[in-house]
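Visitor: My structure is stored as entry_27.cif, with mmCIF, C-alpha atoms and all ligand atoms.
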data_coords
loop_
_atom_site.group_PDB
_atom_site.id
_atom_site.type_symbol
_atom_site.label_atom_id
_atom_site.label_comp_id
_atom_site.auth_asym_id
_atom_site.auth_seq_id
_atom_site.Cartn_x
_atom_site.Cartn_y
_atom_site.Cartn_z
ATOM 1 C CA MET A 1 -11.759 7.006 -5.406
ATOM 2 C CA ARG A 2 -9.942 10.201 -4.510
ATOM 3 C CA ILE A 3 -6.332 10.000 -3.318
ATOM 4 C CA ASP A 4 -4.414 12.990 -1.920
ATOM 5 C CA ILE A 5 -0.666 12.693 -1.385
ATOM 6 C CA LEU A 6 1.316 15.129 0.777
ATOM 7 C CA THR A 7 5.067 15.095 0.192
ATOM 8 C CA ILE A 8 8.154 17.278 -0.073
ATOM 9 C CA PHE A 9 9.023 15.339 -3.275
ATOM 10 C CA PRO A 10 5.980 15.663 -5.567
ATOM 11 C CA GLU A 11 8.158 14.667 -8.582
ATOM 12 C CA PHE A 12 8.359 11.143 -7.120
ATOM 13 C CA PHE A 13 4.757 10.570 -8.120
ATOM 14 C CA SER A 14 5.099 11.395 -11.832
ATOM 15 C CA VAL A 15 5.338 7.618 -12.458
ATOM 16 C CA LEU A 16 1.653 7.382 -11.516
ATOM 17 C CA ASP A 17 0.931 8.764 -14.994
ATOM 18 C CA VAL A 18 2.141 5.569 -16.669
ATOM 19 C CA SER A 19 0.847 1.982 -16.817
ATOM 20 C CA LEU A 20 -2.329 0.659 -15.264
ATOM 21 C CA LEU A 21 -2.745 3.505 -12.809
ATOM 22 C CA GLY A 22 -2.213 6.104 -15.512
ATOM 23 C CA LYS A 23 -5.155 4.652 -17.424
ATOM 24 C CA ALA A 24 -7.287 4.591 -14.284
ATOM 25 C CA ARG A 25 -6.482 8.247 -13.689
ATOM 26 C CA GLN A 26 -7.356 9.166 -17.270
ATOM 27 C CA SER A 27 -10.655 7.272 -17.109
ATOM 28 C CA GLY A 28 -11.560 9.068 -13.871
ATOM 29 C CA LEU A 29 -11.692 5.828 -11.838
ATOM 30 C CA ILE A 30 -9.012 7.250 -9.543
ATOM 31 C CA ASP A 31 -8.390 10.931 -8.934
ATOM 32 C CA VAL A 32 -4.864 11.428 -7.561
ATOM 33 C CA LEU A 33 -3.821 14.868 -6.273
ATOM 34 C CA VAL A 34 -0.209 15.423 -5.244
ATOM 35 C CA HIS A 35 0.509 18.343 -2.895
ATOM 36 C CA ASN A 36 3.845 19.871 -1.942
ATOM 37 C CA LEU A 37 4.141 20.190 1.831
ATOM 38 C CA ARG A 38 6.488 23.160 1.334
ATOM 39 C CA ASP A 39 3.550 25.148 -0.083
ATOM 40 C CA HIS A 40 2.369 25.261 3.540
ATOM 41 C CA THR A 41 5.502 26.856 4.977
ATOM 42 C CA HIS A 42 5.821 30.612 5.534
ATOM 43 C CA ASP A 43 9.514 31.224 6.077
ATOM 44 C CA ARG A 44 12.123 32.163 3.480
ATOM 45 C CA HIS A 45 13.684 28.692 3.466
ATOM 46 C CA ASN A 46 10.414 26.726 3.382
ATOM 47 C CA THR A 47 11.483 24.833 6.495
ATOM 48 C CA VAL A 48 9.670 21.547 7.161
ATOM 49 C CA ASP A 49 11.968 20.037 9.827
ATOM 50 C CA ASP A 50 13.721 20.896 13.088
ATOM 51 C CA THR A 51 15.866 19.271 15.789
ATOM 52 C CA PRO A 52 14.167 16.780 18.133
ATOM 53 C CA TYR A 53 13.139 17.828 21.659
ATOM 54 C CA GLY A 54 15.098 15.682 24.091
ATOM 55 C CA GLY A 55 18.033 15.466 21.727
ATOM 56 C CA GLY A 56 19.129 12.662 19.456
ATOM 57 C CA ALA A 57 20.170 12.162 15.860
ATOM 58 C CA GLY A 58 18.338 13.447 12.818
ATOM 59 C CA MET A 59 15.541 15.897 12.278
ATOM 60 C CA VAL A 60 11.804 15.780 12.949
ATOM 61 C CA MET A 61 9.131 17.166 10.643
ATOM 62 C CA LYS A 62 7.487 20.254 12.155
ATOM 63 C CA PRO A 63 3.753 20.030 12.883
ATOM 64 C CA GLU A 64 2.624 23.382 11.420
ATOM 65 C CA PRO A 65 3.023 22.637 7.672
ATOM 66 C CA TRP A 66 1.271 19.273 8.164
ATOM 67 C CA GLY A 67 -1.536 20.918 10.109
ATOM 68 C CA GLU A 68 -2.114 23.585 7.484
ATOM 69 C CA ALA A 69 -1.858 21.175 4.540
ATOM 70 C CA LEU A 70 -4.217 18.579 6.062
ATOM 71 C CA ASP A 71 -6.658 21.311 7.173
ATOM 72 C CA ALA A 72 -6.813 22.480 3.540
ATOM 73 C CA ILE A 73 -7.586 18.987 2.192
ATOM 74 C CA LEU A 74 -10.167 18.312 4.910
ATOM 75 C CA ALA A 75 -11.808 21.717 4.432
ATOM 76 C CA GLU A 76 -12.066 21.104 0.700
ATOM 77 C CA THR A 77 -13.638 17.673 1.094
ATOM 78 C CA THR A 78 -15.833 18.144 4.155
ATOM 79 C CA GLY A 79 -16.370 21.904 4.045
ATOM 80 C CA THR A 80 -15.831 22.141 7.812
ATOM 81 C CA ALA A 81 -12.038 22.117 8.152
ATOM 82 C CA GLY A 82 -12.365 18.459 9.045
ATOM 83 C CA ALA A 83 -14.570 18.617 12.130
ATOM 84 C CA PRO A 84 -17.556 16.369 11.388
ATOM 85 C CA ALA A 85 -20.632 18.600 11.248
ATOM 86 C CA ALA A 86 -23.536 17.671 13.509
ATOM 87 C CA ASP A 87 -25.740 17.074 10.467
ATOM 88 C CA ALA A 88 -23.079 15.240 8.463
ATOM 89 C CA GLU A 89 -24.143 12.073 6.672
ATOM 90 C CA ALA A 90 -23.872 9.292 9.241
ATOM 91 C CA GLU A 91 -21.905 7.037 6.883
ATOM 92 C CA ASP A 92 -19.414 9.718 5.834
ATOM 93 C CA ALA A 93 -16.489 9.135 8.168
ATOM 94 C CA GLY A 94 -14.363 11.577 6.150
ATOM 95 C CA PRO A 95 -11.108 10.649 4.459
ATOM 96 C CA LEU A 96 -8.827 8.004 5.944
ATOM 97 C CA LEU A 97 -5.424 9.554 6.754
ATOM 98 C CA ILE A 98 -2.548 7.127 6.186
ATOM 99 C CA PHE A 99 1.027 7.773 7.294
ATOM 100 C CA PRO A 100 3.625 5.284 6.035
ATOM 101 C CA SER A 101 5.871 4.368 8.951
ATOM 102 C CA PRO A 102 8.044 1.413 9.944
ATOM 103 C CA ALA A 103 6.231 1.753 13.308
ATOM 104 C CA GLY A 104 2.814 1.160 11.713
ATOM 105 C CA ASP A 105 0.487 -1.816 11.202
ATOM 106 C CA LEU A 106 1.713 -4.249 8.559
ATOM 107 C CA PHE A 107 0.305 -3.574 5.075
ATOM 108 C CA THR A 108 -1.291 -6.797 3.776
ATOM 109 C CA GLN A 109 -3.601 -7.866 0.947
ATOM 110 C CA LYS A 110 -6.426 -7.741 3.509
ATOM 111 C CA MET A 111 -5.589 -4.109 4.296
ATOM 112 C CA ALA A 112 -5.365 -3.349 0.557
ATOM 113 C CA ARG A 113 -8.915 -4.691 0.155
ATOM 114 C CA GLU A 114 -10.136 -2.532 3.048
ATOM 115 C CA LEU A 115 -8.494 0.577 1.585
ATOM 116 C CA ALA A 116 -9.913 -0.176 -1.895
ATOM 117 C CA ALA A 117 -13.403 0.225 -0.400
ATOM 118 C CA GLU A 118 -12.671 3.758 0.863
ATOM 119 C CA PRO A 119 -13.897 6.718 -1.209
ATOM 120 C CA HIS A 120 -11.066 8.999 -0.098
ATOM 121 C CA LEU A 121 -7.510 8.263 1.070
ATOM 122 C CA VAL A 122 -4.956 10.880 2.181
ATOM 123 C CA PHE A 123 -1.316 9.750 2.322
ATOM 124 C CA GLY A 124 1.186 11.806 4.333
ATOM 125 C CA CYS A 125 4.779 11.034 3.363
ATOM 126 C CA GLY A 126 7.202 11.647 6.219
ATOM 127 C CA ARG A 127 10.951 12.131 5.770
ATOM 128 C CA TYR A 128 13.831 12.451 8.220
ATOM 129 C CA GLU A 129 13.295 10.743 11.599
ATOM 130 C CA GLY A 130 9.541 11.133 11.377
ATOM 131 C CA ILE A 131 6.712 13.590 11.945
ATOM 132 C CA ASP A 132 5.950 15.376 15.237
ATOM 133 C CA GLN A 133 3.650 12.950 17.139
ATOM 134 C CA ARG A 134 1.065 15.696 17.708
ATOM 135 C CA VAL A 135 0.138 15.645 14.003
ATOM 136 C CA PHE A 136 -1.129 12.047 14.405
ATOM 137 C CA ASP A 137 -2.772 12.805 17.754
ATOM 138 C CA HIS A 138 -4.523 15.950 16.517
ATOM 139 C CA PHE A 139 -5.950 14.435 13.336
ATOM 140 C CA ALA A 140 -6.889 11.193 15.133
ATOM 141 C CA SER A 141 -9.095 13.372 17.357
ATOM 142 C CA ARG A 142 -10.838 14.737 14.251
ATOM 143 C CA GLY A 143 -11.092 11.606 12.136
ATOM 144 C CA ARG A 144 -9.400 8.332 11.216
ATOM 145 C CA VAL A 145 -5.592 8.041 11.174
ATOM 146 C CA ARG A 146 -3.544 4.898 10.421
ATOM 147 C CA LEU A 147 0.212 4.320 10.527
ATOM 148 C CA VAL A 148 1.079 1.629 7.989
ATOM 149 C CA SER A 149 4.350 -0.258 7.413
ATOM 150 C CA LEU A 150 5.409 -2.269 4.373
ATOM 151 C CA GLY A 151 7.609 -4.580 6.428
ATOM 152 C CA ASP A 152 10.532 -4.908 8.775
ATOM 153 C CA TYR A 153 13.070 -2.696 7.037
ATOM 154 C CA VAL A 154 13.638 1.063 6.896
ATOM 155 C CA LEU A 155 13.090 3.368 3.922
ATOM 156 C CA ASN A 156 14.311 6.964 3.841
ATOM 157 C CA GLY A 157 10.800 8.293 3.449
ATOM 158 C CA GLY A 158 7.198 7.328 2.840
ATOM 159 C CA GLU A 159 7.103 8.076 -0.892
ATOM 160 C CA VAL A 160 8.099 4.633 -2.224
ATOM 161 C CA ALA A 161 5.876 2.955 0.371
ATOM 162 C CA VAL A 162 2.893 5.056 -0.732
ATOM 163 C CA MET A 163 3.563 4.137 -4.355
ATOM 164 C CA ALA A 164 3.453 0.441 -3.421
ATOM 165 C CA MET A 165 0.249 0.885 -1.429
ATOM 166 C CA ILE A 166 -1.454 2.824 -4.234
ATOM 167 C CA GLU A 167 -0.541 0.127 -6.743
ATOM 168 C CA ALA A 168 -1.832 -2.654 -4.468
ATOM 169 C CA VAL A 169 -5.059 -0.753 -3.689
ATOM 170 C CA GLY A 170 -5.628 0.699 -7.169
ATOM 171 C CA ARG A 171 -5.720 -2.669 -8.920
ATOM 172 C CA LEU A 172 -8.495 -3.842 -6.555
ATOM 173 C CA ILE A 173 -10.853 -1.014 -7.517
ATOM 174 C CA PRO A 174 -13.628 -2.465 -9.720
ATOM 175 C CA GLY A 175 -12.946 -1.737 -13.391
ATOM 176 C CA MET A 176 -9.169 -1.536 -12.919
ATOM 177 C CA VAL A 177 -8.072 -5.023 -14.005
ATOM 178 C CA GLY A 178 -9.144 -6.366 -17.391
ATOM 179 C CA ASN A 179 -9.916 -9.872 -16.188
ATOM 180 C CA PRO A 180 -11.393 -9.995 -12.658
ATOM 181 C CA GLU A 181 -10.417 -13.722 -12.419
ATOM 182 C CA SER A 182 -6.765 -12.716 -12.568
ATOM 183 C CA LEU A 183 -7.344 -11.027 -9.195
ATOM 184 C CA VAL A 184 -8.502 -14.116 -7.291
ATOM 185 C CA GLU A 185 -5.857 -16.543 -8.607
ATOM 186 C CA GLU A 186 -2.933 -14.662 -7.134
ATOM 187 C CA SER A 187 -0.610 -14.937 -4.184
ATOM 188 C CA HIS A 188 -2.279 -13.877 -0.917
ATOM 189 C CA GLU A 189 -5.836 -13.607 -2.274
ATOM 190 C CA ASP A 190 -6.637 -17.077 -0.854
ATOM 191 C CA GLY A 191 -4.023 -16.931 1.911
ATOM 192 C CA LEU A 192 -1.544 -19.033 -0.100
ATOM 193 C CA LEU A 193 1.270 -18.194 -2.500
ATOM 194 C CA GLU A 194 0.387 -18.618 -6.167
ATOM 195 C CA TYR A 195 1.103 -21.761 -8.203
ATOM 196 C CA PRO A 196 3.869 -21.719 -10.873
ATOM 197 C CA SER A 197 2.772 -20.676 -14.378
ATOM 198 C CA TYR A 198 3.898 -21.957 -17.799
ATOM 199 C CA THR A 199 3.276 -21.005 -21.420
ATOM 200 C CA LYS A 200 4.514 -22.201 -24.833
ATOM 201 C CA PRO A 201 6.816 -23.819 -25.836
ATOM 202 C CA SER A 202 6.083 -27.053 -23.929
ATOM 203 C CA SER A 203 9.806 -27.830 -23.830
ATOM 204 C CA TRP A 204 12.479 -25.138 -23.373
ATOM 205 C CA ARG A 205 16.194 -25.615 -22.737
ATOM 206 C CA GLY A 206 15.553 -29.178 -21.673
ATOM 207 C CA LEU A 207 12.842 -28.163 -19.201
ATOM 208 C CA ASP A 208 9.359 -29.609 -19.797
ATOM 209 C CA VAL A 209 6.036 -28.115 -18.706
ATOM 210 C CA PRO A 210 4.467 -30.459 -16.087
ATOM 211 C CA PRO A 211 2.448 -32.991 -18.172
ATOM 212 C CA VAL A 212 -0.746 -32.527 -16.125
ATOM 213 C CA LEU A 213 -1.054 -28.991 -17.560
ATOM 214 C CA LEU A 214 -1.178 -30.461 -21.101
ATOM 215 C CA SER A 215 -3.687 -33.190 -20.143
ATOM 216 C CA GLY A 216 -6.857 -31.184 -20.650
ATOM 217 C CA ASN A 217 -8.123 -32.676 -17.352
ATOM 218 C CA HIS A 218 -9.367 -29.546 -15.573
ATOM 219 C CA GLY A 219 -9.994 -31.339 -12.267
ATOM 220 C CA ALA A 220 -6.471 -32.761 -12.234
ATOM 221 C CA ILE A 221 -5.036 -29.353 -13.160
ATOM 222 C CA ALA A 222 -6.922 -27.631 -10.332
ATOM 223 C CA SER A 223 -5.718 -30.250 -7.811
ATOM 224 C CA TRP A 224 -2.112 -29.999 -9.005
ATOM 225 C CA ARG A 225 -2.163 -26.206 -8.767
ATOM 226 C CA HIS A 226 -3.609 -26.326 -5.255
ATOM 227 C CA GLU A 227 -0.939 -28.835 -4.150
ATOM 228 C CA GLN A 228 1.732 -26.593 -5.639
ATOM 229 C CA GLN A 229 0.343 -23.627 -3.711
ATOM 230 C CA ILE A 230 0.420 -25.522 -0.415
ATOM 231 C CA GLU A 231 3.889 -26.983 -1.059
ATOM 232 C CA ARG A 232 5.335 -23.611 -2.038
ATOM 233 C CA THR A 233 3.735 -21.794 0.894
ATOM 234 C CA ARG A 234 4.985 -24.464 3.337
ATOM 235 C CA ARG A 235 8.516 -24.110 1.936
ATOM 236 C CA VAL A 236 8.757 -20.312 1.551
ATOM 237 C CA ARG A 237 6.188 -18.814 3.942
ATOM 238 C CA PRO A 238 5.138 -21.388 6.572
ATOM 239 C CA ASP A 239 3.966 -18.450 8.716
ATOM 240 C CA LEU A 240 0.991 -18.053 6.335
ATOM 241 C CA LEU A 241 -0.315 -21.580 7.044
ATOM 242 C CA PRO A 242 -2.483 -22.643 9.986
ATOM 243 C CA PRO A 243 -0.155 -24.329 12.559
ATOM 244 C CA ALA A 244 -1.373 -27.874 11.682
ATOM 245 C CA ASN A 245 -0.205 -27.554 8.064
ATOM 246 C CA ALA A 246 3.162 -25.984 8.779
ATOM 247 C CA GLU A 247 6.319 -28.008 8.154
ATOM 248 C CA PRO A 248 7.510 -29.473 11.472
ATOM 249 C CA ALA A 249 10.810 -28.028 12.626
ATOM 250 C CA GLU A 250 13.996 -29.933 11.695
ATOM 251 C CA GLY A 251 14.503 -32.887 14.032
ATOM 252 C CA VAL A 252 10.885 -32.915 15.204
ATOM 253 C CA ARG A 253 9.728 -34.799 12.121
ATOM 254 C CA GLY A 254 8.370 -38.377 12.081
HETATM 255 CL CL1 LIG A 301 5.646 2.533 5.262
HETATM 256 N N1 LIG A 301 7.903 3.876 5.663
HETATM 257 C C1 LIG A 301 9.223 3.952 5.899
HETATM 258 N N2 LIG A 301 9.790 5.141 5.993
HETATM 259 N N3 LIG A 301 9.983 2.886 6.056
HETATM 260 C C2 LIG A 301 9.374 1.708 5.959
HETATM 261 C C3 LIG A 301 8.021 1.554 5.705
HETATM 262 C C4 LIG A 301 7.294 2.684 5.564
HETATM 263 N N4 LIG A 301 7.724 0.259 5.663
HETATM 264 C C5 LIG A 301 8.850 -0.368 5.874
HETATM 265 N N5 LIG A 301 9.865 0.489 6.054
#
Would you give me this structure, written as structure tokens?
Guide:
Amino acid sequence: MRIDILTIFPEFFSVLDVSLLGKARQSGLIDVLVHNLRDHTHDRHNTVDDTPYGGGAGMVMKPEPWGEALDAILAETTGTAGAPAADAEAEDAGPLLIFPSPAGDLFTQKMARELAAEPHLVFGCGRYEGIDQRVFDHFASRGRVRLVSLGDYVLNGGEVAVMAMIEAVGRLIPGMVGNPESLVEESHEDGLLEYPSYTKPSSWRGLDVPPVLLSGNHGAIASWRHEQQIERTRRVRPDLLPPANAEPAEGVRG
């Protein structure tokens, strides 16, 4: 998979060199290219933002540097400055452009799986009050654009959000995780939160590991873990359960 990142803070992404993703980069499984948006400005101060039309607080990112930077990536990867050529391979939809935004679709494990199947992702990290809307509209007319949010809170810019998305997507790429089973037994992979885990010693500070886990009865262990998943999900994230399984509201019970 190829990943391009456009940002005014390329240093943010130096952490991609360490840990799991660093190894994936070294092995060639993921090719991450970080670009400085300011390289696509042409004034003395490398201006990337300006005041909003219509007034209001904060600054808006100007469309021209985004246009030039995205044109360059699209030209390099499609050879046609992004416009799909008439004789282009039918299945090559071009890169998927992703803009982190609190106004976007919620990023979920399902979306991570969809993104992990893409050959080429381009992340555009906005700062300030956002990016001129015409950047999204223009590139949506030439290809696929998605606004994606991590959740209902506000970050100062897209950089940390992109890091989270790359980590969630990167570990789903075949060959990335040592033990593929560790992928399926996790929170959200089966729509439930994960069961609690224990290791040695069997007793620690007066707290004992649940005896069923020491029983050697694999059927009983699987049932217990599934019950724990349902109980925990009902308690912490009832919104993840189908309505019939959700805990009845206080006072409505029995
Ligand atoms: Cl993806 N970006 C920003 N700037 N803030 C956010 C977010 C993304 N998701 C939640 N808050």
Visitor: Residues at most 10 Å from ligand LIG 301 (chain A), using only C-alpha atoms and all ligand atoms? Could they come as a VMD selection string?
Guide: chain A and resid 98 to 107 125 to 130 147 to 165
Visitor: Quick one: pull the distance between atom CA of A:Asp50 and atom CA of A:Phe139, Å, one decimal.
Guide: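 So the two atoms, atom CA of A:Asp50 and atom CA of A:Phe139, lie 20.7 Å apart.
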Visitor: Find the distance between atom CA of A:Pro243 and atom CA of A:Ser187 and write it in Å to one decimal.
Guide: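 Atom CA of A:Ser187 lies at a distance of 19.2 Å from atom CA of A:Pro243.
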Visitor: Centre and edge lengths of an axis-aligned box around all listed atoms of stretch 194-199 of chain A, with 3 Å added on each side, are to be given in Å to one decimal, as JSON.
Guide:
{"center_x": 2.1, "center_y": -20.3, "center_z": -13.8, "size_x": 9.5, "size_y": 9.3, "size_z": 21.3}
Visitor: Around (-7.4, -13.0, 4.7) in the file's own coordinates, what residues are found within 9 Å if you use only C-alpha atoms, given back as a ChimeraX atom specification?
Guide: /A:108-110,188-191
Visitor: Report the distance between atom CA of A:Asp17 and atom CA of A:Leu33 in Å, rounded to one decimal place.
Guide: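 Computing it gives 11.7 Å between the two atoms.
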Visitor: Please enumerate the residues selected by the PyMOL selection byres (((chain A and resi 38) around 9) and not hetatm) when evaluated against the supplied file, formatted as a list in words.
Guide: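 Applying the PyMOL selection byres (((chain A and resi 38) around 9) and not hetatm) to the structure shown produces Thr7, Ile8, His35, Asn36, Leu37, Asp39, His40, Thr41, His42, Asn46, Thr47, Val48 and Pro65 of chain A.
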Visitor: Counting all atoms listed in the file, which of A:Leu193, A:Val212, A:Leu207, A:Ala69 gets nearest to A:Ile230?
Guide: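 Selected residue with least distance to A:Ile230: A:Leu193.
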Visitor: When distances are computed from all atoms listed in the file, which of A:Ala75, A:Leu172, A:Arg235, A:Asp43 shows the smallest separation from A:Arg113?
Guide: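 Counting all atoms listed in the file, the residue closest to A:Arg113 is A:Leu172.
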Visitor: Which residues are near A:Ser202? Cut-off 10 Å, only C-alpha atoms, ignore same chain within fewer than 6 positions. Put them as a list in words.
Guide: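 The filter keeps Asp208, Val209, Pro210, Pro211, Leu213 and Leu214 of chain A.
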Visitor: Which neighbours of A:Leu70 fall inside 9 Å, counting all atoms listed in the file, when residues of the same chain fewer than 2 positions from it are skipped, and could you give them as a list in words?
Guide: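 The neighbour list is Leu6, Pro65, Trp66, Gly67, Glu68, Ala72, Ile73, Leu74, Ala75, Ala81, Gly82, Val122, Gly124 and Phe139 of chain A.
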Visitor: Taking only C-alpha atoms into account, which of A:Ala244, A:Leu183, A:Ile131, A:Leu96 comes nearest A:Thr51?
Guide: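 Of all the options, A:Ile131 lies closest to A:Thr51.
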Visitor: Which residue out of A:Ala93, A:Leu192, A:Ala222, A:Leu16 has the minimum interatomic distance to A:Leu240 when only C-alpha atoms are used?
Guide: A:Leu192
Visitor: If we count all atoms listed in the file and set the cut-off at 9 Å, which residues sit around A:Val32, ignoring sequence neighbours fewer than 4 positions away in its own chain? Please answer as a PyMOL selection string.
Guide: chain A and resi 1-5+16+25
Visitor: Would you save the residues of that selection, restricted to C-alpha atoms, as a PDB file, in the coordinates of the input?
Guide:
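File produced: result08.pdb:
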ATOM      1  CA  MET A   1     -11.759   7.006  -5.406  1.00  0.00           C
ATOM      2  CA  ARG A   2      -9.942  10.201  -4.510  1.00  0.00           C
ATOM      3  CA  ILE A   3      -6.332  10.000  -3.318  1.00  0.00           C
ATOM      4  CA  ASP A   4      -4.414  12.990  -1.920  1.00  0.00           C
ATOM      5  CA  ILE A   5      -0.666  12.693  -1.385  1.00  0.00           C
ATOM      6  CA  LEU A  16       1.653   7.382 -11.516  1.00  0.00           C
ATOM      7  CA  ARG A  25      -6.482   8.247 -13.689  1.00  0.00           C
TER       8      ARG A  25
END
